[in-house]
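The structure under discussion appears below in the form of structure tokens.
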Number of protein chains: 2
Amino acid sequence: MPEPLFQRVALIGIGLIGSSIARVVREENLAREIVISTRSPQTLARAEELGLGDRYEADAAVAVEGADLVVLGIPVGASEAVAKWIAPSLKKGAILTDVGSTKASVVAQIAPHVPKGVHFIPGHPIAGTEHSGPDAGFATLFQNRWCILTPLPGTNPEALEKLSAFWRACGSNVDTMDPQHHDLVLAIVSHLPHLIAYNIVGTADDLETVTKSEVIKYSASGFRDFTRLAASDPTMWRDVCLHNKDAILEMLARFSEDLAALQRAIRWGDGQALFDLFTRTRGIRRSIIEAGQETAAPDFGRHKA
Amino acid sequence: MPEPLFQRVALIGIGLIGSSIARVVREENLAREIVISTRSPQTLARAEELGLGDRYEADAAVAVEGADLVVLGIPVGASEAVAKWIAPSLKKGAILTDVGSTKASVVAQIAPHVPKGVHFIPGHPIAGTEHSGPDAGFATLFQNRWCILTPLPGTNPEALEKLSAFWRACGSNVDTMDPQHHDLVLAIVSHLPHLIAYNIVGTADDLETVTKSEVIKYSASGFRDFTRLAASDPTMWRDVCLHNKDAILEMLARFSEDLAALQRAIRWGDGQALFDLFTRTRGIRRSIIEAGQETAAPDFGRHKA
Ligand SMILES: NC(=O)c1ccc[n+]([C@@H]2O[C@H](COP(=O)([O-])OP(=O)(O)OC[C@H]3O[C@@H](n4cnc5c(N)ncnc54)[C@H](OP(=O)(O)O)[C@@H]3O)[C@@H](O)[C@H]2O)c1
Ligand SMILES: NC(=O)c1ccc[n+]([C@@H]2O[C@H](COP(=O)([O-])OP(=O)(O)OC[C@H]3O[C@@H](n4cnc5c(N)ncnc54)[C@H](OP(=O)(O)O)[C@@H]3O)[C@@H](O)[C@H]2O)c1
């Protein structure tokens, strides 16, 4: 058996992402010891029941002691408080990373507290589901997905390479970019889709002319696809909105502008404009399937044809 | 073997829906003979290669001769032309139905041409996938889905019951409502979701600040869910927009109003409003899963956890 990449990994936050990391670290033998800490005694007890780690600590500062990799798997809005808490206990030479869905804000919250000699490299695995908590994770979550790292200027190249190797060992491809660009890209590929999904489900919920029971019965005609994203964790998504405000507002403005044009084409019966838009958008799905990021099975494979 | 419900079923249009009907009619022995007609010689030849029917006719008027059930499975905008074509050849006592995604316009297009003694009962199976054509259909498409019939005043009750029995034999539950209400319900559960999906994919495609390759690589974070609906048939969706304009514009207005409020909450950092919306929308997915209209597996079951 090859030497594990890390001696001791400390996971702060053990929800969907943290627990998926715990599982793949165990399966792939990426660390000698897994130490787990989370905010609530209940979640910590559940992590222990599931056997996700080797040690369980209520105090995050104790959990990070002596760890050579520390991963924060918590809502982005909690980054500063947790960074302040653990900073004095971080080992010299340790890599500190996170998995938060926004990056510029996380950098602003964490970087000022990182002691000299600790390598802080923000990250974001582009993988997830609509479920939360330690039971929702699984070892293959990151397989064939991308992980974006947003190293700060002057980042130690060996530390960056080691963290990249870690994510590759989890099954992911690794990209690096600056935090601002990450936030813009994620605003369109993730944040806007979630907001639109939440919004349309809210609109349907509010109608007086169509009953909720009708929406539910006939949802297979399109609506149900949106309910998956709109069932995601409210705390996580509140934090994403608050911490990537500018990029999200920019993308929302673009979306609304395009929607106004579409509305106009419908109002004036411009069949050609409608046909052109509806044709252009098909190609993107084909490309996503070819890139191995989506299944080609009809209806996401829900049907067993 | 019990007596089939119908002697001769004529399917005019043999795409996703028409060919799914052909398959289930065969499997469940719902008719003694299946006659197929479609616009293009290519599609007709393909239907024959697939063995979907017993007889194949280029002339729709010939295909409907002597049929006791005629099903139009064509884009809604083609309804009037096809109705005019087949009307003189319809057998007295025959049931004429369709599967179009809008109903008031289909009624307006077809009803004036229906000869006395023919039972015209519009219908819409709430089932489909993003794929088109005779290869895309499958016999289980309608299983556990709803089929909405929108009978006109004075419809013969036996004919209505016979068509309902047909859809139940295809695996569906049957509801009846008036065409206007159908169009309003479908505008929110199907038409708006498709338009929003087409729109967001269009927006992403147009950005200068984020490359198409980035959109594709990182699409697993939410965007790809929208690409399924946005890969649907452009002709079908152009026709839906042109033929359910008023209801769609009404739902678009509601959606935009709600989106403006959401945008405002983001701009002003109103975390509570965001949290409340994101919490309220979770319940609907739960209800849809409980109603058997959606899978509970994370990520639509794309993941093999
Ligand atoms: N879900 C996704 O699809 C996805 C994908 C990529 C990245 N991410 C990012 O990954 C991070 C974790 O998401 P997740 O889906 O794993 O969440 P999750 O399943 O809801 O788990 C959240 C974890 O964070 C802890 N936590 C919550 N609030 C906290 C606070 N105020 N202070 C300290 N700890 C807190 C929770 O602790 P207790 O349970 O003990 O309270 C739990 O351990 C987020 O930053 C999210 O943006 C999520
Ligand atoms: N797709 C769905 O998810 C879904 C669900 C419920 C209801 N519907 C409704 O079902 C109907 C058929 O949809 P589909 O998905 O089965 O479509 P499809 O797979 O694209 O097949 C369309 C069929 O209609 C024929 N056709 C196209 N344009 C025509 C025209 N101008 N005149 C006469 N025939 C024409 C085609 O003939 P050729 O191939 O020979 O040209 C083909 O046989 C539509 O009204 C749609 O709104 C669709």
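In the structure tokens, chains take the letters A, B, ... in the order shown, each chain's residues start at 1, and ligands count up from 1 in the order shown.
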Query - Selection within 7 Å of ligand 1 by only C-alpha atoms and all ligand atoms, output as a PyMOL selection string - result: (chain A and resi 13-18+38-44+73-76+78+82+99-102+124-134+233+236+240) or (chain B and resi 221)
N, CA, C and O atoms of the current selection, written as a compact mmCIF listing (two decimals), in the first residue's frame:
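Listing of result.txt after writing:
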```
# COMPACT_ATOMS: atom_id res chain seq x y z
N GLY A 13 -16.93 20.55 9.81
CA GLY A 13 -18.19 20.50 9.07
C GLY A 13 -18.25 19.13 8.41
O GLY A 13 -17.31 18.72 7.71
N ILE A 14 -19.33 18.40 8.68
CA ILE A 14 -19.41 17.01 8.21
C ILE A 14 -20.77 16.75 7.56
O ILE A 14 -21.43 15.74 7.79
N GLY A 15 -21.17 17.71 6.70
CA GLY A 15 -22.43 17.57 5.96
C GLY A 15 -22.21 16.78 4.68
O GLY A 15 -21.36 15.89 4.61
N LEU A 16 -22.99 17.10 3.65
CA LEU A 16 -22.88 16.39 2.37
C LEU A 16 -21.44 16.35 1.88
O LEU A 16 -20.91 15.29 1.54
N ILE A 17 -20.79 17.52 1.83
CA ILE A 17 -19.45 17.59 1.24
C ILE A 17 -18.42 17.01 2.20
O ILE A 17 -17.60 16.15 1.82
N GLY A 18 -18.44 17.45 3.46
CA GLY A 18 -17.46 16.95 4.44
C GLY A 18 -17.53 15.44 4.56
O GLY A 18 -16.49 14.76 4.59
N THR A 38 -17.80 19.25 14.20
CA THR A 38 -18.92 19.97 13.63
C THR A 38 -19.61 20.74 14.74
O THR A 38 -19.36 20.49 15.93
N ARG A 39 -20.45 21.67 14.36
CA ARG A 39 -21.04 22.60 15.31
C ARG A 39 -21.90 21.93 16.36
O ARG A 39 -21.78 22.18 17.55
N SER A 40 -22.77 21.02 15.93
CA SER A 40 -23.77 20.48 16.87
C SER A 40 -23.38 19.10 17.37
O SER A 40 -22.83 18.27 16.64
N PRO A 41 -23.67 18.82 18.66
CA PRO A 41 -23.40 17.49 19.22
C PRO A 41 -24.16 16.40 18.45
O PRO A 41 -23.63 15.30 18.27
N GLN A 42 -25.37 16.71 17.96
CA GLN A 42 -26.15 15.71 17.24
C GLN A 42 -25.45 15.25 15.97
O GLN A 42 -25.33 14.05 15.69
N THR A 43 -25.00 16.22 15.17
CA THR A 43 -24.34 15.85 13.91
C THR A 43 -23.04 15.11 14.20
O THR A 43 -22.69 14.15 13.51
N LEU A 44 -22.32 15.55 15.25
CA LEU A 44 -21.06 14.87 15.60
C LEU A 44 -21.34 13.42 15.99
O LEU A 44 -20.64 12.49 15.54
N GLY A 73 -15.88 22.49 5.65
CA GLY A 73 -17.06 22.11 4.85
C GLY A 73 -18.31 22.68 5.51
O GLY A 73 -19.18 21.95 5.96
N ILE A 74 -18.38 24.00 5.56
CA ILE A 74 -19.42 24.73 6.29
C ILE A 74 -20.01 25.80 5.38
O ILE A 74 -19.42 26.15 4.36
N PRO A 75 -21.19 26.35 5.71
CA PRO A 75 -21.74 27.42 4.89
C PRO A 75 -20.75 28.59 4.79
O PRO A 75 -20.08 28.90 5.78
N VAL A 76 -20.68 29.23 3.63
CA VAL A 76 -19.64 30.26 3.44
C VAL A 76 -19.73 31.39 4.46
O VAL A 76 -18.71 31.97 4.85
N ALA A 78 -20.13 31.22 7.51
CA ALA A 78 -19.53 30.84 8.79
C ALA A 78 -18.01 30.84 8.73
O ALA A 78 -17.34 30.54 9.73
N VAL A 82 -15.17 30.55 12.07
CA VAL A 82 -14.43 29.29 12.23
C VAL A 82 -12.93 29.53 12.02
O VAL A 82 -12.09 28.96 12.74
N VAL A 99 -14.42 24.29 0.92
CA VAL A 99 -15.16 23.78 -0.22
C VAL A 99 -16.32 24.71 -0.58
O VAL A 99 -17.25 24.33 -1.29
N GLY A 100 -16.28 25.92 -0.08
CA GLY A 100 -17.40 26.86 -0.21
C GLY A 100 -17.72 27.24 -1.64
O GLY A 100 -16.83 27.33 -2.50
N SER A 101 -19.00 27.51 -1.89
CA SER A 101 -19.49 27.79 -3.24
C SER A 101 -19.20 29.19 -3.74
O SER A 101 -19.46 29.51 -4.90
N THR A 102 -18.70 30.07 -2.88
CA THR A 102 -18.22 31.38 -3.33
C THR A 102 -16.78 31.50 -2.87
O THR A 102 -16.38 30.89 -1.87
N HIS A 124 -13.17 24.62 -4.35
CA HIS A 124 -14.61 24.39 -4.54
C HIS A 124 -14.83 23.20 -5.47
O HIS A 124 -14.66 23.31 -6.68
N PRO A 125 -15.20 22.06 -4.89
CA PRO A 125 -15.53 20.91 -5.75
C PRO A 125 -16.88 21.17 -6.44
O PRO A 125 -17.86 21.48 -5.77
N ILE A 126 -16.90 21.02 -7.76
CA ILE A 126 -18.13 21.27 -8.52
C ILE A 126 -18.93 19.97 -8.55
O ILE A 126 -19.00 19.28 -9.58
N ALA A 127 -19.48 19.63 -7.41
CA ALA A 127 -20.18 18.36 -7.26
C ALA A 127 -21.10 18.50 -6.07
O ALA A 127 -20.74 19.14 -5.09
N GLY A 128 -22.25 17.92 -6.15
CA GLY A 128 -23.17 17.99 -5.02
C GLY A 128 -24.49 17.36 -5.39
O GLY A 128 -24.67 16.85 -6.50
N THR A 129 -25.37 17.35 -4.42
CA THR A 129 -26.74 16.90 -4.68
C THR A 129 -27.65 17.85 -3.90
O THR A 129 -27.16 18.75 -3.22
N GLU A 130 -28.94 17.62 -3.95
CA GLU A 130 -29.88 18.46 -3.23
C GLU A 130 -30.02 18.05 -1.77
O GLU A 130 -30.76 18.71 -1.03
N HIS A 131 -29.32 17.00 -1.35
CA HIS A 131 -29.45 16.53 0.03
C HIS A 131 -28.33 17.08 0.91
O HIS A 131 -27.28 17.48 0.41
N SER A 132 -28.56 17.07 2.21
CA SER A 132 -27.59 17.64 3.15
C SER A 132 -27.31 16.68 4.29
O SER A 132 -28.04 15.73 4.51
N GLY A 133 -26.27 17.01 5.06
CA GLY A 133 -25.98 16.26 6.28
C GLY A 133 -25.09 15.06 6.05
O GLY A 133 -24.85 14.65 4.91
N PRO A 134 -24.58 14.48 7.14
CA PRO A 134 -23.59 13.40 7.03
C PRO A 134 -24.12 12.12 6.38
O PRO A 134 -23.35 11.35 5.82
N ASP A 233 -30.34 23.15 0.34
CA ASP A 233 -30.29 23.68 1.70
C ASP A 233 -30.46 25.21 1.75
O ASP A 233 -29.67 25.95 1.15
N MET A 236 -27.30 27.27 3.17
CA MET A 236 -26.22 27.34 2.19
C MET A 236 -26.55 28.38 1.13
O MET A 236 -25.71 29.22 0.78
N VAL A 240 -24.82 31.90 -0.04
CA VAL A 240 -24.29 32.11 -1.39
C VAL A 240 -24.79 33.45 -1.94
O VAL A 240 -24.02 34.24 -2.49
N SER B 221 -23.00 21.76 -11.41
CA SER B 221 -23.37 22.53 -10.21
C SER B 221 -24.78 23.12 -10.31
O SER B 221 -25.15 23.93 -9.46
```
Report task. Please identify all polymer residues within 7 Å of Ser79 of chain B, counting only C-alpha atoms, omitting same-chain residues fewer than 2 positions from it, and present them as a PyMOL selection string. Result -> chain B and resi 76-77+81-83+106+109-110
Query raised in the report: Tell me, which residues of segment 174-263 of chain B carry DSSP alpha helix (DSSP H), written as a count of residues only?
Result: 65
Query raised in the report: Where in segment 88-211 of chain B does DSSP assign strand (DSSP E), given as number ranges by chain?
Result: B: 95-98, 119-120, 123-125, 146-149, 173-176
Let's have the selection written as a PDB file, in the first residue's frame, with N, CA, C and O atoms.
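Heads up, here's the output in result_16.pdb:
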```pdb
ATOM      1  N   ILE B  95     -63.976   7.951 -32.698  1.00  0.00           N
ATOM      2  CA  ILE B  95     -63.468   8.937 -31.737  1.00  0.00           C
ATOM      3  C   ILE B  95     -62.239   9.583 -32.368  1.00  0.00           C
ATOM      4  O   ILE B  95     -61.319   8.897 -32.811  1.00  0.00           O
ATOM      5  N   LEU B  96     -62.242  10.910 -32.401  1.00  0.00           N
ATOM      6  CA  LEU B  96     -61.076  11.667 -32.880  1.00  0.00           C
ATOM      7  C   LEU B  96     -60.481  12.371 -31.678  1.00  0.00           C
ATOM      8  O   LEU B  96     -61.168  13.113 -30.973  1.00  0.00           O
ATOM      9  N   THR B  97     -59.205  12.134 -31.404  1.00  0.00           N
ATOM     10  CA  THR B  97     -58.548  12.812 -30.280  1.00  0.00           C
ATOM     11  C   THR B  97     -57.170  13.297 -30.710  1.00  0.00           C
ATOM     12  O   THR B  97     -56.727  13.024 -31.835  1.00  0.00           O
ATOM     13  N   ASP B  98     -56.522  14.047 -29.832  1.00  0.00           N
ATOM     14  CA  ASP B  98     -55.160  14.502 -30.125  1.00  0.00           C
ATOM     15  C   ASP B  98     -54.362  14.445 -28.824  1.00  0.00           C
ATOM     16  O   ASP B  98     -54.909  14.061 -27.778  1.00  0.00           O
ATOM     17  N   HIS B 119     -66.960  11.697 -32.731  1.00  0.00           N
ATOM     18  CA  HIS B 119     -66.780  12.208 -31.369  1.00  0.00           C
ATOM     19  C   HIS B 119     -65.387  12.814 -31.239  1.00  0.00           C
ATOM     20  O   HIS B 119     -64.404  12.084 -31.122  1.00  0.00           O
ATOM     21  N   PHE B 120     -65.339  14.137 -31.227  1.00  0.00           N
ATOM     22  CA  PHE B 120     -64.044  14.806 -31.075  1.00  0.00           C
ATOM     23  C   PHE B 120     -63.818  15.106 -29.598  1.00  0.00           C
ATOM     24  O   PHE B 120     -64.557  15.877 -28.983  1.00  0.00           O
ATOM     25  N   GLY B 123     -57.269  15.750 -26.056  1.00  0.00           N
ATOM     26  CA  GLY B 123     -56.560  15.153 -24.927  1.00  0.00           C
ATOM     27  C   GLY B 123     -55.108  15.603 -24.851  1.00  0.00           C
ATOM     28  O   GLY B 123     -54.573  16.188 -25.799  1.00  0.00           O
ATOM     29  N   HIS B 124     -54.489  15.325 -23.708  1.00  0.00           N
ATOM     30  CA  HIS B 124     -53.083  15.675 -23.513  1.00  0.00           C
ATOM     31  C   HIS B 124     -52.467  14.780 -22.441  1.00  0.00           C
ATOM     32  O   HIS B 124     -52.706  14.978 -21.256  1.00  0.00           O
ATOM     33  N   PRO B 125     -51.681  13.788 -22.871  1.00  0.00           N
ATOM     34  CA  PRO B 125     -50.980  12.966 -21.878  1.00  0.00           C
ATOM     35  C   PRO B 125     -49.842  13.778 -21.258  1.00  0.00           C
ATOM     36  O   PRO B 125     -49.014  14.345 -21.981  1.00  0.00           O
ATOM     37  N   TRP B 146     -50.552  11.315 -15.672  1.00  0.00           N
ATOM     38  CA  TRP B 146     -51.928  11.762 -15.872  1.00  0.00           C
ATOM     39  C   TRP B 146     -52.188  12.047 -17.333  1.00  0.00           C
ATOM     40  O   TRP B 146     -51.282  12.478 -18.055  1.00  0.00           O
ATOM     41  N   CYS B 147     -53.422  11.794 -17.764  1.00  0.00           N
ATOM     42  CA  CYS B 147     -53.838  12.243 -19.086  1.00  0.00           C
ATOM     43  C   CYS B 147     -55.036  13.161 -18.886  1.00  0.00           C
ATOM     44  O   CYS B 147     -55.993  12.783 -18.213  1.00  0.00           O
ATOM     45  N   ILE B 148     -54.954  14.364 -19.436  1.00  0.00           N
ATOM     46  CA  ILE B 148     -56.058  15.325 -19.296  1.00  0.00           C
ATOM     47  C   ILE B 148     -56.897  15.303 -20.561  1.00  0.00           C
ATOM     48  O   ILE B 148     -56.372  15.479 -21.666  1.00  0.00           O
ATOM     49  N   LEU B 149     -58.194  15.075 -20.405  1.00  0.00           N
ATOM     50  CA  LEU B 149     -59.121  15.198 -21.528  1.00  0.00           C
ATOM     51  C   LEU B 149     -59.921  16.488 -21.322  1.00  0.00           C
ATOM     52  O   LEU B 149     -60.260  16.842 -20.197  1.00  0.00           O
ATOM     53  N   ASN B 173     -53.688   7.806 -15.322  1.00  0.00           N
ATOM     54  CA  ASN B 173     -54.891   8.284 -14.650  1.00  0.00           C
ATOM     55  C   ASN B 173     -55.504   9.349 -15.536  1.00  0.00           C
ATOM     56  O   ASN B 173     -54.775  10.106 -16.181  1.00  0.00           O
ATOM     57  N   VAL B 174     -56.814   9.446 -15.544  1.00  0.00           N
ATOM     58  CA  VAL B 174     -57.472  10.394 -16.435  1.00  0.00           C
ATOM     59  C   VAL B 174     -58.177  11.490 -15.635  1.00  0.00           C
ATOM     60  O   VAL B 174     -58.862  11.207 -14.654  1.00  0.00           O
ATOM     61  N   ASP B 175     -57.954  12.723 -16.029  1.00  0.00           N
ATOM     62  CA  ASP B 175     -58.668  13.875 -15.483  1.00  0.00           C
ATOM     63  C   ASP B 175     -59.387  14.575 -16.625  1.00  0.00           C
ATOM     64  O   ASP B 175     -58.918  14.529 -17.768  1.00  0.00           O
ATOM     65  N   THR B 176     -60.502  15.238 -16.317  1.00  0.00           N
ATOM     66  CA  THR B 176     -61.118  16.083 -17.341  1.00  0.00           C
ATOM     67  C   THR B 176     -61.209  17.505 -16.805  1.00  0.00           C
ATOM     68  O   THR B 176     -61.357  17.714 -15.598  1.00  0.00           O
TER      69      THR B 176
END
```
Query - Atom pair atom CA of Phe223 of chain B / atom CA of Arg267 of chain A: separation (Å) - result: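 Separation of atom CA of Phe223 of chain B and atom CA of Arg267 of chain A: 27.2 Å.
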**Report entry** Interatomic distance (Å, one decimal) between atom CA of Glu48 of chain B and atom CA of Ile36 of chain B
**Finding:** 8.8 Å
Requested in this report: Show which residues sit within 10 Å of segment 256-258 of chain A, as a PyMOL selection string. Count only C-alpha atoms, and ignore same-chain residues fewer than 2 positions away.
Outcome: (chain A and resi 251-254+260-264) or (chain B and resi 199-200+202-203+206+256+259-260)
Report task. Would you mind reading off the distance between atom CA of Pro193 of chain A and atom CA of His194 of chain B, one decimal, in Å? Result ->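 About the pair atom CA of Pro193 of chain A and atom CA of His194 of chain B: they are 13.3 Å apart.
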